[in-house]
>>> print(open('protein-v6.pdb').read())   # PDB, C-alpha atoms and all ligand atoms
ATOM      1  CA  MET B   1       8.092  -4.406  16.470
ATOM      2  CA  VAL B   2       7.744  -0.776  17.467
ATOM      3  CA  ALA B   3       4.032  -0.464  17.893
ATOM      4  CA  ILE B   4       1.456   1.237  20.027
ATOM      5  CA  SER B   5      -1.332  -0.546  21.852
ATOM      6  CA  MET B   6      -4.807   0.329  20.646
ATOM      7  CA  GLY B   7      -6.708  -2.049  22.979
ATOM      8  CA  SER B   8      -7.847  -5.426  21.674
ATOM      9  CA  GLY B   9      -8.307  -6.425  18.027
ATOM     10  CA  ALA B  10      -6.893  -8.548  15.166
ATOM     11  CA  SER B  11      -3.255  -7.551  15.678
ATOM     12  CA  GLY B  12      -3.521  -7.996  19.420
ATOM     13  CA  GLY B  13      -4.307  -4.331  19.608
ATOM     14  CA  ARG B  14      -0.841  -3.295  18.456
ATOM     15  CA  ILE B  15      -0.415  -1.232  15.299
ATOM     16  CA  PRO B  16       2.954  -0.367  13.818
ATOM     17  CA  LEU B  17       4.194   3.173  14.375
ATOM     18  CA  ARG B  18       3.871   5.248  11.202
ATOM     19  CA  ILE B  19       6.698   7.793  10.856
ATOM     20  CA  ILE B  20       7.268  10.511   8.240
ATOM     21  CA  THR B  21      10.975  11.053   7.565
ATOM     22  CA  GLY B  22      12.886  13.578   5.483
ATOM     23  CA  THR B  23      15.495  16.301   5.288
ATOM     24  CA  SER B  24      14.700  19.946   5.909
ATOM     25  CA  VAL B  25      14.139  22.612   3.257
ATOM     26  CA  CYS B  26      17.114  23.560   1.041
ATOM     27  CA  ASP B  27      19.098  20.720   2.652
ATOM     28  CA  GLY B  28      20.623  17.861   0.654
ATOM     29  CA  HIS B  29      22.170  16.080   3.618
ATOM     30  CA  ASP B  30      20.109  12.897   3.635
ATOM     31  CA  ALA B  31      22.738  10.322   4.664
ATOM     32  CA  ALA B  32      21.761  10.436   8.344
ATOM     33  CA  ILE B  33      18.012  10.220   7.846
ATOM     34  CA  GLY B  34      18.719   7.372   5.400
ATOM     35  CA  ILE B  35      20.335   5.497   8.299
ATOM     36  CA  MET B  36      17.658   6.470  10.788
ATOM     37  CA  ARG B  37      14.730   5.417   8.588
ATOM     38  CA  ARG B  38      16.321   2.003   8.031
ATOM     39  CA  VAL B  39      16.771   1.608  11.789
ATOM     40  CA  MET B  40      13.100   2.508  12.333
ATOM     41  CA  GLN B  41      11.986   0.097   9.575
ATOM     42  CA  ALA B  42      14.169  -2.685  11.020
ATOM     43  CA  GLU B  43      12.302  -2.177  14.301
ATOM     44  CA  GLY B  44       8.986  -2.649  12.528
ATOM     45  CA  ALA B  45       7.853   0.931  12.048
ATOM     46  CA  GLU B  46       6.095   1.938   8.813
ATOM     47  CA  VAL B  47       8.231   4.743   7.359
ATOM     48  CA  ILE B  48       7.022   7.239   4.760
ATOM     49  CA  HIS B  49      10.226   8.829   3.484
ATOM     50  CA  LEU B  50       9.841  12.188   1.726
ATOM     51  CA  GLY B  51      13.529  12.571   0.740
ATOM     52  CA  HIS B  52      15.575  15.777   0.897
ATOM     53  CA  ASN B  53      14.770  19.497   0.597
ATOM     54  CA  ARG B  54      11.234  19.218   2.056
ATOM     55  CA  GLY B  55       9.188  22.153   3.282
ATOM     56  CA  SER B  56       7.001  22.381   6.378
ATOM     57  CA  GLU B  57       3.733  21.998   4.440
ATOM     58  CA  GLU B  58       5.025  18.806   2.813
ATOM     59  CA  PHE B  59       5.854  17.261   6.220
ATOM     60  CA  ALA B  60       2.566  18.442   7.753
ATOM     61  CA  MET B  61       0.385  17.305   4.832
ATOM     62  CA  ALA B  62       2.135  13.907   4.633
ATOM     63  CA  ALA B  63       1.614  13.367   8.375
ATOM     64  CA  ILE B  64      -2.080  14.120   8.056
ATOM     65  CA  GLN B  65      -2.631  12.125   4.841
ATOM     66  CA  GLU B  66      -0.641   9.129   6.097
ATOM     67  CA  ASP B  67      -2.179   9.224   9.600
ATOM     68  CA  ALA B  68       1.369   9.271  10.982
ATOM     69  CA  HIS B  69       2.274   9.047  14.671
ATOM     70  CA  ALA B  70       5.531  10.979  14.361
ATOM     71  CA  ILE B  71       7.669  13.125  12.059
ATOM     72  CA  ALA B  72      11.487  12.747  12.010
ATOM     73  CA  ILE B  73      13.417  15.551  10.309
ATOM     74  CA  THR B  74      17.159  15.942   9.847
ATOM     75  CA  SER B  75      18.859  19.279   9.165
ATOM     76  CA  TYR B  76      22.483  20.204   8.607
ATOM     77  CA  GLN B  77      22.231  23.889   8.257
ATOM     78  CA  GLY B  78      21.211  25.589  11.463
ATOM     79  CA  GLY B  79      18.852  27.845   9.585
ATOM     80  CA  ALA B  80      16.216  25.078   9.516
ATOM     81  CA  VAL B  81      15.869  24.891  13.282
ATOM     82  CA  GLY B  82      12.773  27.126  13.061
ATOM     83  CA  GLN B  83      11.286  24.695  10.564
ATOM     84  CA  PHE B  84      10.461  22.145  13.245
ATOM     85  CA  GLN B  85       8.133  24.547  15.045
ATOM     86  CA  HIS B  86       6.785  25.701  11.662
ATOM     87  CA  VAL B  87       5.828  22.082  10.839
ATOM     88  CA  ARG B  88       3.819  21.905  14.071
ATOM     89  CA  ASP B  89       2.188  25.253  13.414
ATOM     90  CA  THR B  90       1.312  24.192   9.852
ATOM     91  CA  GLN B  91      -0.209  20.963  11.191
ATOM     92  CA  SER B  92      -2.307  22.928  13.673
ATOM     93  CA  GLN B  93      -3.613  25.099  10.846
ATOM     94  CA  LEU B  94      -4.239  22.209   8.458
ATOM     95  CA  HIS B  95      -5.651  19.745  10.975
ATOM     96  CA  PRO B  96      -6.063  21.053  14.535
ATOM     97  CA  THR B  97      -7.044  17.677  16.022
ATOM     98  CA  LYS B  98      -3.812  16.045  14.801
ATOM     99  CA  ALA B  99      -1.512  18.769  16.058
ATOM    100  CA  GLY B 100      -0.532  16.659  19.084
ATOM    101  CA  GLN B 101       1.912  14.489  17.100
ATOM    102  CA  SER B 102       5.546  14.549  18.111
ATOM    103  CA  VAL B 103       8.185  16.190  15.894
ATOM    104  CA  SER B 104      11.739  15.036  16.604
ATOM    105  CA  SER B 105      14.735  16.823  15.199
ATOM    106  CA  ASN B 106      18.521  16.665  15.080
ATOM    107  CA  THR B 107      20.694  19.622  14.099
TER     108      THR B 107
HETATM  109  C1  LIG B 201      28.435  14.430   3.759
HETATM  110  C2  LIG B 201      28.308  15.960   3.774
HETATM  111  C3  LIG B 201      27.798  16.591   2.627
HETATM  112  C4  LIG B 201      27.280  15.831   1.428
HETATM  113  C5  LIG B 201      25.855  15.284   1.763
HETATM  114  C6  LIG B 201      25.660  13.874   1.198
HETATM  115  C7  LIG B 201      24.289  13.326   1.636
HETATM  116  N1  LIG B 201      23.531  12.825   0.673
HETATM  117  O1  LIG B 201      23.899  13.364   2.778
HETATM  118  C8  LIG B 201      27.279  16.930   0.323
HETATM  119  C9  LIG B 201      28.593  16.852  -0.431
HETATM  120  C10 LIG B 201      26.119  16.853  -0.665
HETATM  121  C11 LIG B 201      27.266  18.182   1.169
HETATM  122  C12 LIG B 201      26.920  19.411   0.654
HETATM  123  C13 LIG B 201      26.996  20.593   1.365
HETATM  124  N2  LIG B 201      27.412  20.752   2.622
HETATM  125 CO1  LIG B 201      27.865  19.262   3.764
HETATM  126  N3  LIG B 201      28.593  18.011   4.992
HETATM  127  C14 LIG B 201      28.713  16.719   4.895
HETATM  128  C15 LIG B 201      29.467  16.175   6.154
HETATM  129  C16 LIG B 201      30.912  15.970   5.742
HETATM  130  C17 LIG B 201      28.947  14.880   6.802
HETATM  131  C18 LIG B 201      27.426  14.915   7.201
HETATM  132  C19 LIG B 201      26.912  13.498   7.321
HETATM  133  O2  LIG B 201      26.091  13.029   6.556
HETATM  134  N4  LIG B 201      27.445  12.755   8.316
HETATM  135  C20 LIG B 201      27.086  11.341   8.452
HETATM  136  C21 LIG B 201      25.871  11.216   9.412
HETATM  137  C22 LIG B 201      25.352   9.776   9.398
HETATM  138  O3  LIG B 201      26.393  11.390  10.715
HETATM  139  P1  LIG B 201      25.836  12.526  11.729
HETATM  140  O4  LIG B 201      25.691  13.804  11.112
HETATM  141  O5  LIG B 201      26.664  12.475  12.926
HETATM  142  O6  LIG B 201      24.335  12.006  12.062
HETATM  143  C23 LIG B 201      24.133  11.234  13.182
HETATM  144  C24 LIG B 201      23.398  12.027  14.271
HETATM  145  O7  LIG B 201      23.515  13.418  14.135
HETATM  146  C25 LIG B 201      22.016  11.525  14.201
HETATM  147  N5  LIG B 201      21.030  12.184  13.342
HETATM  148  C26 LIG B 201      21.219  12.993  12.293
HETATM  149  N6  LIG B 201      20.028  13.356  11.783
HETATM  150  C27 LIG B 201      19.071  12.739  12.528
HETATM  151  C28 LIG B 201      17.671  12.757  12.444
HETATM  152  C29 LIG B 201      16.926  12.018  13.367
HETATM  153  C30 LIG B 201      15.403  12.035  13.296
HETATM  154  C31 LIG B 201      17.580  11.249  14.365
HETATM  155  C32 LIG B 201      16.779  10.409  15.322
HETATM  156  C33 LIG B 201      18.972  11.234  14.457
HETATM  157  C34 LIG B 201      19.707  11.993  13.531
HETATM  158  O8  LIG B 201      22.112  10.209  13.746
HETATM  159  C35 LIG B 201      23.171  10.103  12.775
HETATM  160  C36 LIG B 201      23.778   8.717  12.891
HETATM  161  O9  LIG B 201      24.359   8.539  14.164
HETATM  162  C37 LIG B 201      29.262  17.386   7.141
HETATM  163  C38 LIG B 201      30.385  17.606   8.171
HETATM  164  C39 LIG B 201      30.190  16.651   9.357
HETATM  165  N7  LIG B 201      31.212  15.962   9.675
HETATM  166  O10 LIG B 201      29.122  16.554   9.937
HETATM  167  C40 LIG B 201      29.217  18.579   6.165
HETATM  168  C41 LIG B 201      28.369  19.810   6.555
HETATM  169  C42 LIG B 201      27.077  19.403   7.208
HETATM  170  N8  LIG B 201      28.092  20.426   5.267
HETATM  171  C43 LIG B 201      28.115  21.722   5.296
HETATM  172  C44 LIG B 201      27.896  22.590   4.181
HETATM  173  C45 LIG B 201      28.093  24.098   4.421
HETATM  174  C46 LIG B 201      27.549  22.079   2.912
HETATM  175  C47 LIG B 201      27.338  22.911   1.617
HETATM  176  C48 LIG B 201      26.566  24.218   1.749
HETATM  177  C49 LIG B 201      28.722  23.147   1.003
HETATM  178  C50 LIG B 201      28.658  23.998  -0.274
HETATM  179  N9  LIG B 201      29.099  25.194  -0.214
HETATM  180  O11 LIG B 201      28.190  23.569  -1.277
HETATM  181  C51 LIG B 201      26.567  21.908   0.738
HETATM  182  C52 LIG B 201      25.017  22.089   0.959
HETATM  183  C53 LIG B 201      24.194  21.217   0.086
HETATM  184  C54 LIG B 201      22.734  21.287   0.544
HETATM  185  N10 LIG B 201      21.892  22.038  -0.108
HETATM  186  O12 LIG B 201      22.402  20.705   1.524
HETATM  187  C55 LIG B 201      28.443  22.258   6.683
HETATM  188  C56 LIG B 201      27.139  22.802   7.388
HETATM  189  C57 LIG B 201      27.450  24.054   8.219
HETATM  190  C58 LIG B 201      26.139  24.575   8.842
HETATM  191  N11 LIG B 201      25.700  23.976   9.879
HETATM  192  O13 LIG B 201      25.530  25.469   8.349
HETATM  193  C59 LIG B 201      29.084  20.989   7.344
HETATM  194  C60 LIG B 201      28.887  20.949   8.870
HETATM  195  C61 LIG B 201      30.593  21.032   6.993
HETATM  196  C62 LIG B 201      31.314  22.221   7.620
HETATM  197  N12 LIG B 201      31.984  21.978   8.674
HETATM  198  O14 LIG B 201      31.217  23.314   7.189
HETATM  199  N13 LIG B 201      27.662  17.937   2.439
END
>>> encode(input="protein-v6.pdb", output="structure tokens")
Amino acid sequence: MVAISMGSGASGGRIPLRIITGTSVCDGHDAAIGIMRRVMQAEGAEVIHLGHNRGSEEFAMAAIQEDAHAIAITSYQGGAVGQFQHVRDTQSQLHPTKAGQSVSSNT
């Protein structure tokens, strides 16, 4: 199980990683993230999949509302590269204390 240690407790201190997944804005290429989210789930992560054509605010808000540990975005049109930084910036605006989460990308 992919989990992080949170010290002692009921689950032995390990909680499953919570990951937001989706495809970048104006992008309908969701085959790859469909594979990746199933790999993450098979490893025990809790995946909140937003689907395709998702904007920065949607990723940022979902990460905050779902108390996620990471955001995984796929993009097939190079124009969305800037979106990854924009998601972080939006998170910092919406919830400064949570802005430390990791955002992984593949273009
Ligand atoms: C399938 C496909 C489509 C399908 C998408 C189906 C779907 N639901 O996903 C359809 C037909 C809808 C489509 C449409 C279009 N497409 Co298209 N498409 C492709 C194609 C042939 C394959 C992409 C794919 O899914 N590969 C299968 C995945 C599993 O493999 P992969 O990409 O290697 O992904 C692996 C890694 O990259 C990695 N990975 C990927 N994402 C992530 C994310 C994370 C977090 C992690 C950890 C890993 C990871 O893991 C994956 C598994 O190993 C590519 C060409 C190509 N060969 O890449 C063109 C391609 C991406 N498409 C392209 C274009 C231009 C379009 C259209 C604009 C065409 C048009 N004029 O209508 C539209 C745009 C629609 C839209 N709004 O998005 C261009 C993009 C050019 C660019 N970069 O700007 C490409 C490159 C084709 C080309 N050579 O021109 N497309």
>>> residues_around(input="protein-v6.pdb", residues="range 47-64 of chain B", least_positions_apart="4", cutoff="7 Å", atoms="all atoms listed in the file", output="list in words")
Arg18, Ile19, Ile20, Thr21, Gly22, Thr23, Ser24, Val25, Cys26, Asp27, Gly28, Asp30, Arg37, Gln41, Ala68, Gln83, His86, Val87, Thr90 and Gln91 of chain B
>>> closest_atom_pairs(input="protein-v6.pdb", of="chain B", to="ligand LIG 201 (chain B)", cutoff="6 Å", atoms="only C-alpha atoms and all ligand atoms", output="JSON lines")
{"residue": "B:Cys26", "atom": "CA", "partner": "B:LIG201", "partner_atom": "N10", "distance": 5.1}
{"residue": "B:Asp27", "atom": "CA", "partner": "B:LIG201", "partner_atom": "O12", "distance": 3.5}
{"residue": "B:Gly28", "atom": "CA", "partner": "B:LIG201", "partner_atom": "O12", "distance": 3.5}
{"residue": "B:His29", "atom": "CA", "partner": "B:LIG201", "partner_atom": "O1", "distance": 3.3}
{"residue": "B:Asp30", "atom": "CA", "partner": "B:LIG201", "partner_atom": "O1", "distance": 3.9}
{"residue": "B:Ala31", "atom": "CA", "partner": "B:LIG201", "partner_atom": "O1", "distance": 3.8}
{"residue": "B:Ala32", "atom": "CA", "partner": "B:LIG201", "partner_atom": "C22", "distance": 3.8}
{"residue": "B:Ile33", "atom": "CA", "partner": "B:LIG201", "partner_atom": "C28", "distance": 5.3}
{"residue": "B:Met36", "atom": "CA", "partner": "B:LIG201", "partner_atom": "C31", "distance": 6.0}
{"residue": "B:Ala72", "atom": "CA", "partner": "B:LIG201", "partner_atom": "C30", "distance": 4.2}
{"residue": "B:Ile73", "atom": "CA", "partner": "B:LIG201", "partner_atom": "C30", "distance": 5.0}
{"residue": "B:Thr74", "atom": "CA", "partner": "B:LIG201", "partner_atom": "C28", "distance": 4.1}
{"residue": "B:Tyr76", "atom": "CA", "partner": "B:LIG201", "partner_atom": "C42", "distance": 4.9}
{"residue": "B:Gln77", "atom": "CA", "partner": "B:LIG201", "partner_atom": "O13", "distance": 3.7}
{"residue": "B:Gly78", "atom": "CA", "partner": "B:LIG201", "partner_atom": "N11", "distance": 5.0}
{"residue": "B:Ser104", "atom": "CA", "partner": "B:LIG201", "partner_atom": "C30", "distance": 5.8}
{"residue": "B:Ser105", "atom": "CA", "partner": "B:LIG201", "partner_atom": "C30", "distance": 5.2}
{"residue": "B:Asn106", "atom": "CA", "partner": "B:LIG201", "partner_atom": "C27", "distance": 4.7}
>>> atom_distance(input="protein-v6.pdb", atom1="CA of Ala45 in chain B", atom2="CA of Arg14 in chain B")
11.6 Å
>>> atom_distance(input="protein-v6.pdb", atom1="CA of Gly44 in chain B", atom2="CA of Leu17 in chain B")
7.8 Å
>>> atom_distance(input="protein-v6.pdb", atom1="CA of Ser75 in chain B", atom2="CA of Met40 in chain B")
18.0 Å
>>> closest_residue(input="protein-v6.pdb", among="B:Leu94, B:Ala80, B:Ile15, B:Ile35", to="Gln65 in chain B", atoms="all atoms listed in the file")
B:Leu94
>>> axis_aligned_box(input="protein-v6.pdb", around="range 53-58 of chain B", padding_each_side="4 Å", output="lines of an AutoDock Vina configuration file")
center_x = 9.3
center_y = 20.6
center_z = 3.5
size_x = 19.0
size_y = 11.6
size_z = 13.8
